[in-house]
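One structure is given below, encoded as structure tokens.
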Amino acid sequence: MNVESLQPTPQTAAYAFGDCWPRQVAQPMTVAEVAEVLAAASRAQAAVVPWGAGTRQFLMNPPPRYDLALDLRRLDRVIEYHPADLVVMVEAGITLGALQAVLAEHGQWLPWDPPTSDTAPIGGLLATAAWGPLRLGYGGPRDWLLGMRVVLGDGRIVQSGGRVVKNVAGYDNHKLHLGAFGTLGVIAAVTFKVAPLPERIASVRAVFATPAAALHAATAIRQPPTQPVALAITVAETVTLAVRFAGVAAAVERQLGLATAACALAEAVTLSTDDRELWAVPSAPDDALVLRIGVPERMLAAAIDAVTALAPSHLAIFPGLGLMVGRWSMAAATHLPALRQTLAEMDGYAVVERGPAGIDRWGPPPPTIDLMRALRQRWDPAGILNPGRWLVE
Amino acid sequence: MRDDLVAALLRVVDPAIVLRRPEELMLYEYDGSVLDQGMPEVVVVPRTTDEVAACVKVAFQLGAPIVARGAGTGLAGGSVPEQGGLVISLARLNRILAIDPVARTARVQAGVVNTDLSLAAARYGLHFAPDPSSQRSSTIGGNIATNAGGPHCLKYGVTTNHILAATVVLADGRVVELGHAALDAPGYDLLGVMIGSEGTLGIVTEALVKLTPNPEAVRTFLAIYDDLDAASTTVSAIIAHGILPAALEMLVGQGIAAVEAAVQAGYPAEARAVLLIEIDGLGEEVAAQAEQIAALCRQYGARELRAAQDEVQRAKLWAGRKGALAACARIAPHYHIQDGVVPRSRLPELLRLTEEVATRHQITIVNIFHAGDGNLHPLLLFDLRHPGALERAVAASEEILQACVAAGGTISGEHGVGIEKRDYLGWIFGPADLAAFADVRAVFDPVGVMNPCKLLPSGSSCADIRHARGALRAVDRGAWI
């Protein structure tokens, strides 16, 4: 199961960060094997990097210590799928794309559209808090998650939640692993509730003169009766608002009409019935500074002003979610402290998704950081999981 | 202990918020569950988060148990001061601080009554989606503590799906904000474990909650059955066909007549089972779903499908459903209520089993429950004056719950674990799982003063001081399922 090397081999090189590669690679086939690996690593105080497809490792600091790459892609089975109950349980190494294909055979889906979903395993997407524009209409994976089996840093296999859609027994420990970047444990298996595929999905795309004009239209489109399942404003060479509807065909049809009318001030409006391309996420170049910015929804207009003043080369704004993802040249990193100050006054934050080495990725820690550290101390007492790579080091 | 606690409280807070006369304390010795009682040593009714924090600090320093309480409508003993100590009532923290109709959020104090928030939001065309049947009494803080559900959670999700942030008083009196008005702020989801923690991790004093737009169209149906299996099979079929009603409730047997006697909403008293089905959304969606549901009801053997003709009739049907527990007091003076959940496809067999258990244990069981979620509420009705009645009820209840677990379900869908189910947790979780829960508790409350001995299996430090069993009061205090 393990490969050990002091020089990069073809195998260890596949898990490299620049010129830093692991001494060992583990590719467990079972949850019990994951537990063995982590228990042994804990005893040896070996630094472990849990690894899915490696598509989102850039969201954390490169590992200052790197003994073991724990590749979870062999844990890729569908454990149970009960279409009649709209519940599915999978191992965490299955890609979201593969799961969607299984669900689609029964006319169902998990309404979750993060980037890289074809290649990235579900465990990594959950650990890195991956989300997509459908979050507006359907909520995030936190809202679809029913239960989880996790291997804690010390090798304990634990579960919480369950396999039914309503459950208040025990604490919702599984929520702690969402967005924890693998620093509390390794997600091994996950149970989701799923939904019937909508009869129709379609979008409207409108080009506006300014972000403010696009936001104005987006705000109007969020008012009932229209219920967009996704809204995104892209600010690049042009300012584009994309609006997505899903549901019964007649209801989608009416909403497309209402949304088009709400875009009366747009320079151009197009309808897309096959809209998958429209919602595909462009990948950012490696040498870009990419920031994720979050503010309370009511502060979004002000935050857009503050962010566009820094002239990003590409900015995606998600009205209704209070989130933005912006791209700059690396040189713009000098503006980060001032931007954070401005956002903090709005009760918002900026996180560096890509940036130069050594940059302060997360800004000031939350006041409850002591509780987070105490929790990590309990579940990863040897501090082996992604040490030094995330907010709770 | 008691005198020290009272004296210390009086030193730090306004004496007007400290209750200590026996007749005052008696009001806080029970909740909506029937089986559990415990007398607090002292009760405080603070008016601010700072007062809550000051009281918590005092109890923490003396090592006294701290039990938070909203409206006391809980059904699992979660707010019963079983170990004595300090009860903190959040009833006076009852202000809606802000409603933001654009962001669709409200900032509320913990003691705000659920329905009051929805009434206040109505002028903006919004409501607070979690709608436990107790919603006219129960508080947002209590809803958060129990991660409350309700009929419309089938479509809209339970309380945890509607809370963005909360102000929490921790065991040592420190005040923290968990969650964030902005999504995805970095850090562990501590709010996620606080919700549903039944006062064992901290006391929520304020919350930022999501509000949901009122639907464009709503239609409510009553499907009437002469056959139990036909009704439960219809429920499974509706879910299996991918139809997600706003609510899908079921009433079985004697409960229908009791509800009808209480509200006269047109529930057919002689029916074997009825489904209360509500669909909402855009007009086109509602029209399409209405057709599908009517077809399925017919296909699976409904005798009749009636539609509520107007808002008055709809409100009456819901008043009947939400007041069902009180209505069943007409059948017998005492009750014990279960809250098991099964996969929706297993409903027919669980309902058959419930009937069989009732016959075998010679006890009346009425099922009025959230069928669409697979969340059963067998209501075991009995008269304590009959020797052995309580024991038979508890035995029947445990048997049903074990069957839920065996079917792949769980021991509580929405009422919580509290006192009542703490020793059942081992039915669904192993020692390692329970140890991980205990880890979370130890992080938030290292000394163990927050609602001690609740939610997790009672350990050696929890003497079983259930002084109340066998000396229960009648059910006429009112409760809701």
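If you're wondering about the labels, chains in the structure tokens are A, B, ... by order shown, residues count from 1 in each chain, ligands from 1 in order shown.
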Open item on the list: Give me, as a PyMOL selection string, all polymer residues having an atom no more than 8 Å from stretch 220-235 of chain A, counting only C-alpha atoms and skipping those fewer than 2 positions away in the same chain.
Closed with: (chain A and resi 133-138+211+214-218+237-246+255+258-259+262+314-320) or (chain B and resi 213+216+282)
- [ ] Taking only C-alpha atoms into account, report as a VMD selection string which residues of chain A lie within 6 Å of chain B.
- [x] chain A and resid 84 to 85 158 to 159 164 166 to 169 171 to 172 175 to 176 180 196 248 251 294 to 298
TODO: Could you jot down the atom CA of B:Gly74 to atom CA of B:Lys210 separation for me, Å, one decimal place?
DONE: 22.7 Å
Open item on the list: Just want the 7 Å neighbourhood of A:Gly97, counted on only C-alpha atoms, with same-chain residues fewer than 4 positions away dropped. Output as an NGL selection string.
Closed with: :A and (101 or 117-118)
Open item on the list: List the spatial neighbours of B:Val80 as a list of chain:residue names - criterion: any atom at most 10 Å away, only C-alpha atoms, same-chain residues fewer than 4 positions off excluded.
Closed with: B:Tyr28, B:Glu29, B:Tyr30, B:Asp31, B:Gly32, B:Ser33, B:Asp36, B:Gln37, B:Gly38, B:Met39, B:Pro40, B:Val67, B:Ala68, B:Arg69, B:Gly72, B:Gly74, B:Ala76, B:Gly84, B:Val87, B:Gly418, B:Ile419, B:Asn451, B:Lys454
Could the residues in this selection be written to a file with all heavy atoms, as a compact mmCIF listing (two decimals), in the first residue's frame?
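Result saved to selection.txt:
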```txt
# COMPACT_ATOMS: atom_id res chain seq x y z
N TYR B 28 -41.09 25.60 36.89
CA TYR B 28 -39.93 25.29 36.04
C TYR B 28 -39.45 23.85 36.23
O TYR B 28 -38.37 23.51 35.82
CB TYR B 28 -38.80 26.27 36.33
CG TYR B 28 -39.19 27.69 35.99
CD1 TYR B 28 -39.84 28.52 36.91
CD2 TYR B 28 -38.95 28.19 34.71
CE1 TYR B 28 -40.23 29.80 36.58
CE2 TYR B 28 -39.33 29.48 34.36
CZ TYR B 28 -39.97 30.28 35.30
OH TYR B 28 -40.35 31.55 34.96
N GLU B 29 -40.27 23.02 36.86
CA GLU B 29 -39.78 21.67 37.14
C GLU B 29 -40.13 20.66 36.05
O GLU B 29 -39.76 19.52 36.14
CB GLU B 29 -40.28 21.17 38.50
CG GLU B 29 -41.78 20.96 38.55
CD GLU B 29 -42.24 20.32 39.86
OE1 GLU B 29 -41.39 19.83 40.60
OE2 GLU B 29 -43.45 20.33 40.10
N TYR B 30 -40.82 21.11 35.01
CA TYR B 30 -41.22 20.16 33.97
C TYR B 30 -41.16 20.84 32.61
O TYR B 30 -41.02 22.07 32.52
CB TYR B 30 -42.64 19.67 34.23
CG TYR B 30 -43.66 20.77 34.22
CD1 TYR B 30 -44.25 21.17 33.02
CD2 TYR B 30 -44.01 21.44 35.39
CE1 TYR B 30 -45.17 22.21 33.01
CE2 TYR B 30 -44.92 22.48 35.38
CZ TYR B 30 -45.49 22.87 34.18
OH TYR B 30 -46.39 23.89 34.15
N ASP B 31 -41.27 20.05 31.55
CA ASP B 31 -41.45 20.61 30.20
C ASP B 31 -42.61 19.86 29.56
O ASP B 31 -43.49 19.35 30.26
CB ASP B 31 -40.16 20.57 29.39
CG ASP B 31 -39.68 19.17 29.07
OD1 ASP B 31 -40.38 18.19 29.44
OD2 ASP B 31 -38.63 19.03 28.43
N GLY B 32 -42.64 19.76 28.22
CA GLY B 32 -43.76 19.11 27.55
C GLY B 32 -43.71 17.59 27.64
O GLY B 32 -44.67 16.91 27.27
N SER B 33 -42.60 17.04 28.08
CA SER B 33 -42.54 15.60 28.27
C SER B 33 -43.27 15.28 29.57
O SER B 33 -43.39 16.12 30.44
CB SER B 33 -41.08 15.13 28.37
OG SER B 33 -40.47 15.70 29.49
N ASP B 36 -40.55 13.27 32.90
CA ASP B 36 -39.41 13.83 33.61
C ASP B 36 -39.78 15.09 34.37
O ASP B 36 -40.45 15.97 33.84
CB ASP B 36 -38.29 14.13 32.63
CG ASP B 36 -37.91 12.91 31.83
OD1 ASP B 36 -37.45 11.94 32.45
OD2 ASP B 36 -38.12 12.91 30.61
N GLN B 37 -39.31 15.16 35.61
CA GLN B 37 -39.47 16.37 36.40
C GLN B 37 -38.23 16.56 37.26
O GLN B 37 -37.54 15.60 37.59
CB GLN B 37 -40.69 16.27 37.34
CG GLN B 37 -42.01 16.36 36.60
CD GLN B 37 -43.19 16.30 37.54
OE1 GLN B 37 -43.08 16.61 38.71
NE2 GLN B 37 -44.32 15.90 37.01
N GLY B 38 -37.97 17.80 37.62
CA GLY B 38 -36.86 18.09 38.53
C GLY B 38 -36.98 19.52 39.00
O GLY B 38 -37.33 20.40 38.23
N MET B 39 -36.75 19.74 40.29
CA MET B 39 -36.95 21.07 40.87
C MET B 39 -35.65 21.87 40.79
O MET B 39 -34.61 21.42 41.26
CB MET B 39 -37.38 20.91 42.33
CG MET B 39 -37.79 22.20 42.98
SD MET B 39 -39.32 22.87 42.29
CE MET B 39 -40.51 22.03 43.32
N PRO B 40 -35.71 23.07 40.17
CA PRO B 40 -34.51 23.92 40.18
C PRO B 40 -34.27 24.47 41.57
O PRO B 40 -35.20 24.59 42.37
CB PRO B 40 -34.87 25.04 39.19
CG PRO B 40 -36.36 25.11 39.23
CD PRO B 40 -36.86 23.72 39.51
N VAL B 67 -29.35 25.20 33.35
CA VAL B 67 -30.32 24.68 32.38
C VAL B 67 -31.05 25.86 31.74
O VAL B 67 -31.72 26.62 32.44
CB VAL B 67 -31.34 23.74 33.06
CG1 VAL B 67 -32.32 23.20 32.03
CG2 VAL B 67 -30.63 22.60 33.77
N ALA B 68 -30.91 26.01 30.43
CA ALA B 68 -31.61 27.07 29.72
C ALA B 68 -33.00 26.60 29.36
O ALA B 68 -33.23 25.41 29.12
CB ALA B 68 -30.84 27.46 28.46
N ARG B 69 -33.93 27.56 29.30
CA ARG B 69 -35.31 27.20 29.04
C ARG B 69 -35.97 28.29 28.18
O ARG B 69 -35.82 29.47 28.45
CB ARG B 69 -36.05 27.09 30.37
CG ARG B 69 -37.51 26.73 30.27
CD ARG B 69 -38.11 26.75 31.67
NE ARG B 69 -39.53 26.48 31.66
CZ ARG B 69 -40.08 25.28 31.85
NH1 ARG B 69 -39.30 24.25 32.09
NH2 ARG B 69 -41.37 25.12 31.83
N GLY B 72 -40.51 25.92 27.33
CA GLY B 72 -40.74 24.67 28.04
C GLY B 72 -41.67 23.72 27.31
O GLY B 72 -42.33 22.89 27.93
N GLY B 74 -40.60 21.51 25.11
CA GLY B 74 -39.81 20.35 24.68
C GLY B 74 -40.45 19.05 25.12
O GLY B 74 -41.16 19.00 26.12
N ALA B 76 -38.63 16.01 25.37
CA ALA B 76 -37.65 14.99 25.76
C ALA B 76 -36.99 15.30 27.10
O ALA B 76 -36.02 14.66 27.47
CB ALA B 76 -36.59 14.85 24.67
N GLY B 84 -31.09 19.67 39.51
CA GLY B 84 -31.23 20.89 40.31
C GLY B 84 -30.47 22.04 39.67
O GLY B 84 -30.36 22.11 38.45
N VAL B 87 -31.96 27.41 36.65
CA VAL B 87 -32.68 27.47 35.38
C VAL B 87 -32.65 28.92 34.90
O VAL B 87 -32.95 29.84 35.67
CB VAL B 87 -34.14 26.99 35.53
CG1 VAL B 87 -34.97 27.40 34.31
CG2 VAL B 87 -34.17 25.47 35.67
N GLY B 418 -32.50 14.83 25.04
CA GLY B 418 -32.79 15.25 26.40
C GLY B 418 -32.46 14.19 27.43
O GLY B 418 -31.38 13.60 27.44
N ILE B 419 -33.42 13.96 28.32
CA ILE B 419 -33.30 12.90 29.31
C ILE B 419 -33.81 11.60 28.72
O ILE B 419 -33.21 10.54 28.85
CB ILE B 419 -34.15 13.25 30.56
CG1 ILE B 419 -33.61 14.51 31.26
CG2 ILE B 419 -34.19 12.07 31.53
CD1 ILE B 419 -34.50 15.02 32.38
N ASN B 451 -26.35 22.03 31.23
CA ASN B 451 -27.38 21.01 31.12
C ASN B 451 -26.79 19.61 31.30
O ASN B 451 -26.90 18.74 30.42
CB ASN B 451 -28.08 21.13 29.76
CG ASN B 451 -29.55 20.76 29.86
OD1 ASN B 451 -30.07 20.47 30.95
ND2 ASN B 451 -30.23 20.75 28.73
N LYS B 454 -27.55 15.42 30.04
CA LYS B 454 -28.54 15.36 28.97
C LYS B 454 -27.84 14.99 27.67
O LYS B 454 -26.65 15.20 27.52
CB LYS B 454 -29.22 16.71 28.78
CG LYS B 454 -29.83 17.32 30.02
CD LYS B 454 -31.19 16.77 30.33
CE LYS B 454 -31.76 17.44 31.57
NZ LYS B 454 -32.08 18.85 31.34
```
TODO: Just list the residues in stretch 239-386 of chain A DSSP gives helix (DSSP H, G or I) on the backbone, as number ranges by chain.
DONE: A: 249-262, 297-308, 330-345, 369-379
Open item on the list: What does the structure give for the distance between atom CA of B:Ala389 and atom CA of B:His361, in Å to one decimal?
Closed with: 9.2 Å
Task: One-decimal distance in Å that lies between atom CA of A:Pro141 and atom CA of A:Gln27 - done: 25.9 Å
- [ ] Skip A:His335 itself and residues of its chain fewer than 6 positions away, then list as a ChimeraX atom specification all residues within 12 Å of it, counting only C-alpha atoms.
- [x] /A:289,291,306-307,309-312,328-329,341-342,350,359
TODO: From a DSSP calculation on the backbone, collect every residue of stretch 73-248 of chain A in strand (DSSP E or B) and output the set as number ranges by chain.
DONE: A: 78-82, 87-91, 95, 108-109, 121, 145-152, 157-161, 185-193, 195-196, 200-208, 230-235, 239-247
TODO: Name all residues at most 7 Å from B:Ile140 (count only C-alpha atoms; drop same-chain ones fewer than 5 positions away) and give them as a list in words.
DONE: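 Returned residues: Ala110, Gly111, Val112, Val113 and Asn114 of chain B.
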Would you write out those residues with N, CA, C and O atoms, as an mmCIF file, in the first residue's frame?
```cif
data_model
loop_
_atom_site.group_PDB
_atom_site.id
_atom_site.type_symbol
_atom_site.label_atom_id
_atom_site.label_comp_id
_atom_site.auth_asym_id
_atom_site.auth_seq_id
_atom_site.Cartn_x
_atom_site.Cartn_y
_atom_site.Cartn_z
ATOM 1 N N ALA B 110 -33.532 35.338 21.746
ATOM 2 C CA ALA B 110 -33.853 33.912 21.821
ATOM 3 C C ALA B 110 -35.280 33.636 22.272
ATOM 4 O O ALA B 110 -35.867 32.618 21.920
ATOM 5 N N GLY B 111 -35.866 34.556 23.052
ATOM 6 C CA GLY B 111 -37.188 34.284 23.602
ATOM 7 C C GLY B 111 -38.337 34.685 22.693
ATOM 8 O O GLY B 111 -39.503 34.555 23.078
ATOM 9 N N VAL B 112 -38.026 35.149 21.485
ATOM 10 C CA VAL B 112 -39.092 35.509 20.543
ATOM 11 C C VAL B 112 -39.865 34.243 20.171
ATOM 12 O O VAL B 112 -39.267 33.213 19.837
ATOM 13 N N VAL B 113 -41.185 34.325 20.241
ATOM 14 C CA VAL B 113 -42.013 33.168 19.896
ATOM 15 C C VAL B 113 -42.003 32.982 18.372
ATOM 16 O O VAL B 113 -42.110 33.954 17.614
ATOM 17 N N ASN B 114 -41.862 31.750 17.947
ATOM 18 C CA ASN B 114 -41.744 31.396 16.527
ATOM 19 C C ASN B 114 -42.791 32.105 15.676
ATOM 20 O O ASN B 114 -42.463 32.784 14.695
#
```
- [ ] Compile the contact shell of B:Ala271 as a PyMOL selection string: residues with an atom at most 10 Å away, counting only C-alpha atoms, same-chain residues fewer than 5 positions apart removed.
- [x] chain B and resi 224-228+251-254+256-257+303
Resulting file, chosen residues, all heavy atoms, as a JSON list (two decimals), in the first residue's frame:
```json
[["chain", "number", "residue", "atom", "x", "y", "z"],
["B", 224, "ILE", "N", -58.54, 10.77, 1.94],
["B", 224, "ILE", "CA", -59.22, 9.96, 2.96],
["B", 224, "ILE", "C", -59.14, 8.48, 2.59],
["B", 224, "ILE", "O", -59.40, 8.11, 1.44],
["B", 224, "ILE", "CB", -60.69, 10.42, 3.08],
["B", 224, "ILE", "CG1", -60.70, 11.91, 3.46],
["B", 224, "ILE", "CG2", -61.45, 9.57, 4.10],
["B", 224, "ILE", "CD1", -62.02, 12.58, 3.20],
["B", 225, "TYR", "N", -58.78, 7.66, 3.56],
["B", 225, "TYR", "CA", -58.53, 6.24, 3.30],
["B", 225, "TYR", "C", -59.33, 5.35, 4.26],
["B", 225, "TYR", "O", -59.48, 5.68, 5.43],
["B", 225, "TYR", "CB", -57.04, 5.92, 3.48],
["B", 225, "TYR", "CG", -56.17, 6.55, 2.42],
["B", 225, "TYR", "CD1", -55.73, 7.86, 2.56],
["B", 225, "TYR", "CD2", -55.80, 5.83, 1.28],
["B", 225, "TYR", "CE1", -54.93, 8.44, 1.59],
["B", 225, "TYR", "CE2", -55.01, 6.41, 0.31],
["B", 225, "TYR", "CZ", -54.58, 7.72, 0.46],
["B", 225, "TYR", "OH", -53.80, 8.29, -0.50],
["B", 226, "ASP", "N", -59.76, 4.22, 3.72],
["B", 226, "ASP", "CA", -60.37, 3.19, 4.56],
["B", 226, "ASP", "C", -59.35, 2.14, 4.95],
["B", 226, "ASP", "O", -59.65, 1.22, 5.70],
["B", 226, "ASP", "CB", -61.52, 2.51, 3.81],
["B", 226, "ASP", "CG", -62.66, 3.50, 3.58],
["B", 226, "ASP", "OD1", -62.89, 4.35, 4.46],
["B", 226, "ASP", "OD2", -63.28, 3.43, 2.50],
["B", 227, "ASP", "N", -58.15, 2.26, 4.39],
["B", 227, "ASP", "CA", -57.14, 1.23, 4.59],
["B", 227, "ASP", "C", -55.81, 1.90, 4.94],
["B", 227, "ASP", "O", -55.37, 2.82, 4.26],
["B", 227, "ASP", "CB", -57.01, 0.40, 3.31],
["B", 227, "ASP", "CG", -55.98, -0.70, 3.47],
["B", 227, "ASP", "OD1", -56.26, -1.67, 4.19],
["B", 227, "ASP", "OD2", -54.87, -0.56, 2.91],
["B", 228, "LEU", "N", -55.19, 1.42, 6.03],
["B", 228, "LEU", "CA", -53.95, 2.03, 6.51],
["B", 228, "LEU", "C", -52.83, 1.87, 5.50],
["B", 228, "LEU", "O", -52.10, 2.81, 5.20],
["B", 228, "LEU", "CB", -53.57, 1.38, 7.85],
["B", 228, "LEU", "CG", -52.30, 1.89, 8.51],
["B", 228, "LEU", "CD1", -52.41, 3.38, 8.83],
["B", 228, "LEU", "CD2", -52.01, 1.11, 9.78],
["B", 251, "LEU", "N", -52.66, 11.22, 9.63],
["B", 251, "LEU", "CA", -53.39, 10.99, 10.88],
["B", 251, "LEU", "C", -54.03, 9.62, 10.77],
["B", 251, "LEU", "O", -54.62, 9.30, 9.73],
["B", 251, "LEU", "CB", -54.48, 12.02, 11.12],
["B", 251, "LEU", "CG", -54.08, 13.49, 11.38],
["B", 251, "LEU", "CD1", -53.70, 14.19, 10.11],
["B", 251, "LEU", "CD2", -55.21, 14.22, 12.08],
["B", 252, "VAL", "N", -53.92, 8.85, 11.83],
["B", 252, "VAL", "CA", -54.39, 7.48, 11.78],
["B", 252, "VAL", "C", -55.39, 7.21, 12.90],
["B", 252, "VAL", "O", -55.21, 7.67, 14.03],
["B", 252, "VAL", "CB", -53.20, 6.49, 11.92],
["B", 252, "VAL", "CG1", -53.68, 5.05, 11.89],
["B", 252, "VAL", "CG2", -52.18, 6.72, 10.81],
["B", 253, "GLY", "N", -56.42, 6.47, 12.56],
["B", 253, "GLY", "CA", -57.31, 5.86, 13.55],
["B", 253, "GLY", "C", -58.03, 6.85, 14.45],
["B", 253, "GLY", "O", -58.53, 7.88, 14.00],
["B", 254, "GLN", "N", -58.05, 6.53, 15.74],
["B", 254, "GLN", "CA", -58.82, 7.32, 16.70],
["B", 254, "GLN", "C", -58.41, 8.78, 16.75],
["B", 254, "GLN", "O", -59.19, 9.63, 17.20],
["B", 254, "GLN", "CB", -58.62, 6.75, 18.11],
["B", 254, "GLN", "CG", -59.31, 5.45, 18.38],
["B", 254, "GLN", "CD", -59.13, 5.09, 19.85],
["B", 254, "GLN", "OE1", -59.50, 5.84, 20.73],
["B", 254, "GLN", "NE2", -58.54, 3.93, 20.10],
["B", 256, "ILE", "N", -58.06, 10.81, 14.37],
["B", 256, "ILE", "CA", -58.83, 11.62, 13.43],
["B", 256, "ILE", "C", -60.10, 12.13, 14.12],
["B", 256, "ILE", "O", -60.42, 13.31, 14.05],
["B", 256, "ILE", "CB", -59.19, 10.80, 12.17],
["B", 256, "ILE", "CG1", -57.90, 10.23, 11.54],
["B", 256, "ILE", "CG2", -59.95, 11.65, 11.17],
["B", 256, "ILE", "CD1", -58.16, 9.21, 10.45],
["B", 257, "ALA", "N", -60.78, 11.22, 14.78],
["B", 257, "ALA", "CA", -62.03, 11.61, 15.46],
["B", 257, "ALA", "C", -61.74, 12.62, 16.56],
["B", 257, "ALA", "O", -62.50, 13.58, 16.75],
["B", 257, "ALA", "CB", -62.70, 10.36, 16.03],
["B", 303, "ARG", "N", -60.14, 6.88, -0.74],
["B", 303, "ARG", "CA", -61.58, 6.86, -0.93],
["B", 303, "ARG", "C", -62.03, 8.18, -1.54],
["B", 303, "ARG", "O", -62.94, 8.25, -2.35],
["B", 303, "ARG", "CB", -62.24, 6.65, 0.43],
["B", 303, "ARG", "CG", -63.76, 6.65, 0.40],
["B", 303, "ARG", "CD", -64.31, 6.39, 1.78],
["B", 303, "ARG", "NE", -64.44, 7.63, 2.54],
["B", 303, "ARG", "CZ", -64.58, 7.69, 3.85],
["B", 303, "ARG", "NH1", -64.57, 6.57, 4.57],
["B", 303, "ARG", "NH2", -64.70, 8.84, 4.48]]
```
Which residues of stretch 59-171 of chain B come within 12 Å of stretch 304-319 of chain B, and what is each one's closest atom pair and distance in Å (one decimal), counting only C-alpha atoms, sorted by chain and residue number, as a Markdown table?
```
| residue | atom | partner | partner_atom | distance |
| --- | --- | --- | --- | --- |
| B:Asp131 | CA | B:Trp318 | CA | 11.4 |
| B:Pro132 | CA | B:Trp318 | CA | 11.9 |
| B:Ser133 | CA | B:Ala319 | CA | 9.2 |
| B:Ser134 | CA | B:Ala319 | CA | 11.2 |
| B:Gln135 | CA | B:Ala319 | CA | 11.5 |
| B:Arg136 | CA | B:Ala319 | CA | 11.0 |
| B:Gly150 | CA | B:Trp318 | CA | 11.8 |
| B:Pro151 | CA | B:Trp318 | CA | 9.8 |
| B:His152 | CA | B:Trp318 | CA | 11.3 |
```
Save the residues we just selected, N, CA, C and O atoms, as a compact mmCIF listing (two decimals), in the first residue's frame?
```txt
# COMPACT_ATOMS: atom_id res chain seq x y z
N ASP B 131 -41.60 25.31 11.39
CA ASP B 131 -42.93 25.51 11.97
C ASP B 131 -43.34 24.35 12.87
O ASP B 131 -44.32 23.65 12.61
N PRO B 132 -42.59 24.14 13.97
CA PRO B 132 -43.00 23.08 14.89
C PRO B 132 -44.45 23.32 15.33
O PRO B 132 -44.89 24.47 15.38
N SER B 133 -45.15 22.25 15.65
CA SER B 133 -46.55 22.41 16.03
C SER B 133 -46.70 23.28 17.26
O SER B 133 -47.75 23.86 17.50
N SER B 134 -45.63 23.41 18.04
CA SER B 134 -45.65 24.25 19.24
C SER B 134 -45.42 25.72 18.90
O SER B 134 -45.23 26.53 19.81
N GLN B 135 -45.42 26.09 17.62
CA GLN B 135 -44.88 27.39 17.22
C GLN B 135 -45.58 28.59 17.82
O GLN B 135 -45.02 29.66 17.86
N ARG B 136 -46.82 28.42 18.29
CA ARG B 136 -47.48 29.56 18.91
C ARG B 136 -46.97 29.81 20.32
O ARG B 136 -47.28 30.83 20.93
N GLY B 150 -40.98 20.42 11.95
CA GLY B 150 -42.35 20.89 11.75
C GLY B 150 -42.83 20.38 10.40
O GLY B 150 -42.03 19.90 9.60
N PRO B 151 -44.13 20.46 10.15
CA PRO B 151 -44.67 19.88 8.92
C PRO B 151 -44.01 20.40 7.64
O PRO B 151 -43.72 19.63 6.73
N HIS B 152 -43.73 21.70 7.58
CA HIS B 152 -43.21 22.25 6.33
C HIS B 152 -41.71 22.07 6.15
O HIS B 152 -41.13 22.52 5.16
```
Task: Counting only C-alpha atoms, the option among B:Val449, B:Pro387, B:Leu62, B:Pro333 closest to B:Gln83 - done: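 So, comparing all the options, the nearest one is B:Val449.
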